[in-house]
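What follows is a single structure, written as structure tokens, with notes after it.
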Amino acid sequence: MDKKILAAAVVGAAAIAGIAVVSTRTPAPEPGAAATGSMPTETAGKEQCYGVAKAGENGCAAADGSHTCGGLSTVDKSGQEWMMVDIGSCSNMGGQLQAFNNTASDAAKAAADAKAAETPAPAGATAAQ
């Protein structure tokens, strides 16, 4: 009879310990968390901005998975690297809110080239022959 009581006590203690462990776990990430699940995309007036971090100053893992830790970027302004900036300042810094290929300077040059291609020639201008 003592073995049954002891077994019941052990099972009860294990169940209570299990409840305590579950209640102290970190909650699941909120929707909108970073792709790596390591940091939210917005924190206290900040947002992730891709393409503005200098080499070695990125916030966390690269979007393309090339590394998994902050401070490991090797290229300035990579579109795969991000850092936290004040909300609304990302585009003013030349960055984007989503990861992109190449660097911010490449993206800005491509946008400027596309805009120049769309701009009509001034009146009276002739094509070079």
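Letters A, B, ... go to the chains of the structure tokens in the order shown; residues in each chain start at 1; ligands are counted from 1 in the same order.
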
Would you list the contacts of Met84 (chain A) as a PDB file with C-alpha atoms, in the first residue's frame, taking every protein, DNA or RNA residue within 6 Å and counting only C-alpha atoms, but skipping same-chain residues closer than 3 positions in sequence?
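And here's around17.pdb as it stands now:
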```
ATOM      1  CA  LYS A  46      11.104  51.275 -34.025  1.00  0.00           C
ATOM      2  CA  GLU A  47      10.829  49.125 -37.157  1.00  0.00           C
ATOM      3  CA  GLN A  48      13.140  46.831 -39.125  1.00  0.00           C
TER       4      GLN A  48
END
```

Need the shell around Ala99 (chain A): protein/DNA/RNA residues with any atom at most 10 Å away, counting only C-alpha atoms. Skip same-chain ones fewer than 2 positions apart. Format as a PyMOL selection string? chain A and resi 48-51+62-64+78-82+95-97+101-102

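What separates CA of Val85 (chain A) from CA of Ala44 (chain A) is a distance of 10.4 Å.
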
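The space between CA of Ile87 (chain A) and CA of Gly70 (chain A) spans 20.2 Å.
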
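Considering only C-alpha atoms, the residue among A:Ser89, A:Thr43, A:Glu118, A:Phe100 positioned nearest to Lys77 (chain A) is A:Phe100.
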
In region 39-100 of chain A, DSSP strand (DSSP E) residues written as an NGL selection string: :A and (42-43 or 46-50 or 82-86)

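Our summary of the geometry notes that CA of Thr74 (chain A) is positioned 11.8 Å from CA of Thr103 (chain A).
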